[in-house]
Amino acid sequence: MALCLVCLLSGMWGEGTVHAQIASDNAFEGAKWEKIIEDPIEAGAGVVQSICATEHYIICIENTGDDTNAPDVIKAYYRNDVDELGNPVERYSPARRMADTDYEHANGMAYNPNTGEIAVALYTSNDWQNRGCIYLMDANTLTFKSRVQVSDHYNILGIGYDEGNDRYVIQTNDEDGYSFKILDNQFQLVEDLGQYQGTARGDNFQDLCVSGDYIINFPLTLFMGIGDYVNMYSISRRALVSESLLDFQFEGVVQDEPEGICELEPGVFAAVVNVNYEDGRRTACVYKTMVPYDIPLDMIDGGETAKDPLEDSGQGVGNDVENDVAAVENASPVPFEIGWKLVLPIVAAVVLVMAALTYWRLQAIRRERVRKLRQARRERERIRRIMEDYAEE
């Protein structure tokens, strides 16, 4: 019976999994970037170091300086046409600002929707207690929550959250050979993917993000005169699989530095770039691009729109099976001589109840993944129309 349950759950998981991924190792080759945000740098020596996206905001951190007494500036911009309460807003306009904590160099950020927290990779440790640490920020209030130490042997350059596997990927600094490491959702080391020093152009790295099997980051090529690049590393192959030249279509720019990248929708990425203009202005620009992406249309347009039978009746999903469980738990004990006759039916009922609960959970996960893929396809179509309009002009 246990074997049957395993087979049943395996089958349900297979049906409920939506397979979508970046189409190729060279997805960023020739990518067209659209500028969606431009905001002045606030501090005299300030530099925007990292970017991440929540359900409602695109968030950046400006490192005002490596002095541990200077709080850094966190800015949130509306990601959608409505705010979290459904009120109309101007997409990409400023939404919130916070400056209450020094996040050291603030070189990386990753949003975890399961915890509602943003993990910040400090990179530096001017305060010796911060060596190998990650700061956790509340994604709603943009305030500091706590500090987690991953190691005391190195500092952490970048961090990305792998939502599909509920884990983090970090890149360490030169003290650890710029290695990639996988952490669980409690920031405990799970796997070391090896050192990647010297694998890409430049002599250092910026922040990273994770999309499926890929780790995506920018190498530091400032002052090298070779242009800007985006790297793609494969987790499964443990190798750099591509490095593509970036073209942000700058005009009047004398210096630029791509700092961080995040995924807004499946296959839609945002990058933050510090820009110095000929007229002396210093701004942080956020650019968006869309890369080739495999979204299975049969999973999006197929039978996933069918409603749960309990949904239309107004009953909470799983109420009946929960009542069944309660009935089993509260059942009065039976005499031993007749109890054995009820053992098998009770075990069968419990197995079916657990299978039903698991089924509803997997279906909920599947519906959420399909929703995100539908939203991504609409966004990709919108970007494609914009690009076509530019081409006609």
# chains A, B, ... in the order shown; residues from 1 in each chain; ligands from 1
$ residues_around --residues "range 270-287 of chain A" --least-positions-apart "5" --cutoff "9 Å" --atoms "only C-alpha atoms" --output "count of residues only"
35
$ residues_around --residues "range 155-158 of chain A" --least-positions-apart "6" --cutoff "9 Å" --atoms "only C-alpha atoms" --output "number ranges by chain"
A: 50, 106-110, 120-125, 130-134, 169-176, 178, 205-209, 217, 260
$ residues_around --residues "Asp83 in chain A" --least-positions-apart "5" --cutoff "10 Å" --atoms "only C-alpha atoms" --output "list of chain:residue names"
A:Glu55, A:His56, A:Tyr57, A:Tyr78, A:Pro88, A:Val89, A:Glu90, A:Arg91, A:Ala95
$ write_last_selection --atoms "N, CA and C atoms" --output "short mmCIF file (atom, residue, chain, number, x, y, z; two decimals), in the first residue's frame"
data_model
loop_
_atom_site.label_atom_id
_atom_site.label_comp_id
_atom_site.auth_asym_id
_atom_site.auth_seq_id
_atom_site.Cartn_x
_atom_site.Cartn_y
_atom_site.Cartn_z
N GLU A 55 6.84 41.07 -5.42
CA GLU A 55 5.61 41.03 -6.20
C GLU A 55 5.18 42.43 -6.63
N HIS A 56 5.50 43.45 -5.83
CA HIS A 56 4.99 44.79 -6.09
C HIS A 56 6.07 45.82 -6.43
N TYR A 57 7.34 45.52 -6.11
CA TYR A 57 8.37 46.54 -6.25
C TYR A 57 9.63 46.02 -6.94
N TYR A 78 7.51 51.14 -8.18
CA TYR A 78 6.34 50.31 -8.48
C TYR A 78 6.65 49.40 -9.67
N PRO A 88 -4.43 52.48 -8.55
CA PRO A 88 -3.64 52.78 -9.75
C PRO A 88 -2.39 53.59 -9.41
N VAL A 89 -1.26 53.23 -10.01
CA VAL A 89 0.00 53.95 -9.84
C VAL A 89 0.71 53.98 -11.19
N GLU A 90 1.71 54.82 -11.29
CA GLU A 90 2.53 54.86 -12.51
C GLU A 90 3.62 53.81 -12.39
N ARG A 91 3.59 52.87 -13.30
CA ARG A 91 4.59 51.79 -13.27
C ARG A 91 6.00 52.36 -13.33
N ALA A 95 8.30 54.60 -5.16
CA ALA A 95 7.25 54.19 -4.24
C ALA A 95 7.66 54.38 -2.78
#
$ atom_distance --atom1 "CA of Val150 in chain A" --atom2 "CA of Asp162 in chain A"
17.3 Å
$ atom_distance --atom1 "CA of Val73 in chain A" --atom2 "CA of Leu142 in chain A"
10.1 Å
$ atom_distance --atom1 "CA of Gly160 in chain A" --atom2 "CA of Ile215 in chain A"
8.3 Å
$ select_by_dssp --residues "range 238-296 of chain A" --states "strand (DSSP E)" --output "ChimeraX atom specification"
/A:239-245,253-265,268-277,282-290,293-294
$ write_last_selection --atoms "N, CA and C atoms" --output "short mmCIF file (atom, residue, chain, number, x, y, z; two decimals), in the first residue's frame"
data_model
loop_
_atom_site.label_atom_id
_atom_site.label_comp_id
_atom_site.auth_asym_id
_atom_site.auth_seq_id
_atom_site.Cartn_x
_atom_site.Cartn_y
_atom_site.Cartn_z
N ALA A 239 30.02 25.05 -14.94
CA ALA A 239 30.91 25.69 -15.91
C ALA A 239 30.29 26.99 -16.42
N LEU A 240 31.17 27.92 -16.85
CA LEU A 240 30.73 29.09 -17.59
C LEU A 240 30.32 28.63 -18.98
N VAL A 241 29.08 28.93 -19.39
CA VAL A 241 28.61 28.44 -20.68
C VAL A 241 28.48 29.55 -21.71
N SER A 242 28.47 30.81 -21.28
CA SER A 242 28.45 31.91 -22.25
C SER A 242 28.80 33.22 -21.56
N GLU A 243 29.32 34.15 -22.34
CA GLU A 243 29.54 35.54 -21.91
C GLU A 243 29.21 36.42 -23.10
N SER A 244 28.17 37.22 -22.94
CA SER A 244 27.64 38.01 -24.05
C SER A 244 27.88 39.50 -23.82
N LEU A 245 28.26 40.19 -24.88
CA LEU A 245 28.50 41.63 -24.82
C LEU A 245 27.19 42.36 -24.64
N VAL A 253 27.25 59.20 -22.54
CA VAL A 253 27.75 58.53 -21.34
C VAL A 253 29.26 58.38 -21.41
N VAL A 254 29.96 58.75 -20.33
CA VAL A 254 31.41 58.64 -20.31
C VAL A 254 31.88 57.44 -19.50
N GLN A 255 31.01 56.93 -18.63
CA GLN A 255 31.39 55.78 -17.82
C GLN A 255 30.13 55.06 -17.34
N ASP A 256 30.19 53.75 -17.32
CA ASP A 256 29.05 52.98 -16.83
C ASP A 256 29.55 51.73 -16.12
N GLU A 257 28.70 51.19 -15.24
CA GLU A 257 29.04 49.96 -14.52
C GLU A 257 27.77 49.17 -14.21
N PRO A 258 27.52 48.08 -14.93
CA PRO A 258 26.40 47.20 -14.56
C PRO A 258 26.69 46.55 -13.21
N GLU A 259 25.72 46.61 -12.30
CA GLU A 259 25.96 46.17 -10.93
C GLU A 259 25.17 44.93 -10.52
N GLY A 260 23.94 44.81 -10.97
CA GLY A 260 23.13 43.69 -10.51
C GLY A 260 22.05 43.34 -11.50
N ILE A 261 21.53 42.12 -11.40
CA ILE A 261 20.51 41.64 -12.32
C ILE A 261 19.52 40.78 -11.54
N CYS A 262 18.24 40.86 -11.93
CA CYS A 262 17.21 40.02 -11.32
C CYS A 262 16.20 39.64 -12.39
N GLU A 263 15.40 38.60 -12.10
CA GLU A 263 14.40 38.14 -13.06
C GLU A 263 13.03 38.64 -12.61
N LEU A 264 12.38 39.45 -13.48
CA LEU A 264 11.07 39.99 -13.16
C LEU A 264 9.97 38.98 -13.42
N GLU A 265 10.01 38.37 -14.59
CA GLU A 265 9.10 37.31 -15.00
C GLU A 265 9.97 36.24 -15.64
N VAL A 268 12.27 37.42 -18.41
CA VAL A 268 12.33 38.89 -18.45
C VAL A 268 13.22 39.35 -17.30
N PHE A 269 14.30 40.06 -17.63
CA PHE A 269 15.32 40.43 -16.64
C PHE A 269 15.45 41.94 -16.53
N ALA A 270 15.81 42.39 -15.33
CA ALA A 270 16.11 43.80 -15.08
C ALA A 270 17.53 43.92 -14.57
N ALA A 271 18.25 44.92 -15.07
CA ALA A 271 19.64 45.17 -14.65
C ALA A 271 19.77 46.60 -14.20
N VAL A 272 20.53 46.83 -13.12
CA VAL A 272 20.79 48.19 -12.66
C VAL A 272 22.21 48.57 -13.06
N VAL A 273 22.35 49.77 -13.64
CA VAL A 273 23.63 50.24 -14.17
C VAL A 273 23.89 51.64 -13.66
N ASN A 274 25.07 51.87 -13.09
CA ASN A 274 25.48 53.23 -12.71
C ASN A 274 26.05 53.93 -13.94
N VAL A 275 25.58 55.16 -14.16
CA VAL A 275 25.92 55.88 -15.38
C VAL A 275 26.44 57.27 -15.04
N ASN A 276 27.59 57.64 -15.64
CA ASN A 276 28.14 59.00 -15.55
C ASN A 276 28.03 59.66 -16.92
N TYR A 277 27.40 60.86 -16.96
CA TYR A 277 27.19 61.56 -18.22
C TYR A 277 28.27 62.62 -18.47
N ARG A 282 25.23 61.98 -12.46
CA ARG A 282 25.44 60.59 -12.07
C ARG A 282 24.10 59.98 -11.70
N THR A 283 23.70 58.95 -12.42
CA THR A 283 22.40 58.35 -12.19
C THR A 283 22.51 56.83 -12.11
N ALA A 284 21.46 56.23 -11.57
CA ALA A 284 21.31 54.77 -11.61
C ALA A 284 20.17 54.46 -12.57
N CYS A 285 20.44 53.65 -13.58
CA CYS A 285 19.44 53.30 -14.58
C CYS A 285 19.08 51.82 -14.46
N VAL A 286 17.80 51.53 -14.59
CA VAL A 286 17.35 50.15 -14.62
C VAL A 286 16.89 49.84 -16.04
N TYR A 287 17.44 48.79 -16.61
CA TYR A 287 17.11 48.35 -17.96
C TYR A 287 16.42 47.00 -17.90
N LYS A 288 15.55 46.77 -18.87
CA LYS A 288 14.82 45.50 -18.94
C LYS A 288 15.03 44.85 -20.29
N THR A 289 15.14 43.53 -20.29
CA THR A 289 15.27 42.80 -21.55
C THR A 289 14.49 41.50 -21.47
N MET A 290 14.24 40.91 -22.63
CA MET A 290 13.54 39.64 -22.72
C MET A 290 14.42 38.68 -23.52
N TYR A 293 12.83 32.02 -24.35
CA TYR A 293 12.40 31.25 -23.20
C TYR A 293 11.41 30.18 -23.65
N ASP A 294 11.58 28.99 -23.14
CA ASP A 294 10.68 27.89 -23.48
C ASP A 294 9.53 27.86 -22.48
#
$ closest_residue --among "A:Ser146, A:Asn114, A:Ser179, A:Asn26" --to "Met232 in chain A" --atoms "only C-alpha atoms"
A:Asn26
$ closest_residue --among "A:Met224, A:Val190, A:Ala349, A:Ile22" --to "Asp203 in chain A" --atoms "only C-alpha atoms"
A:Met224
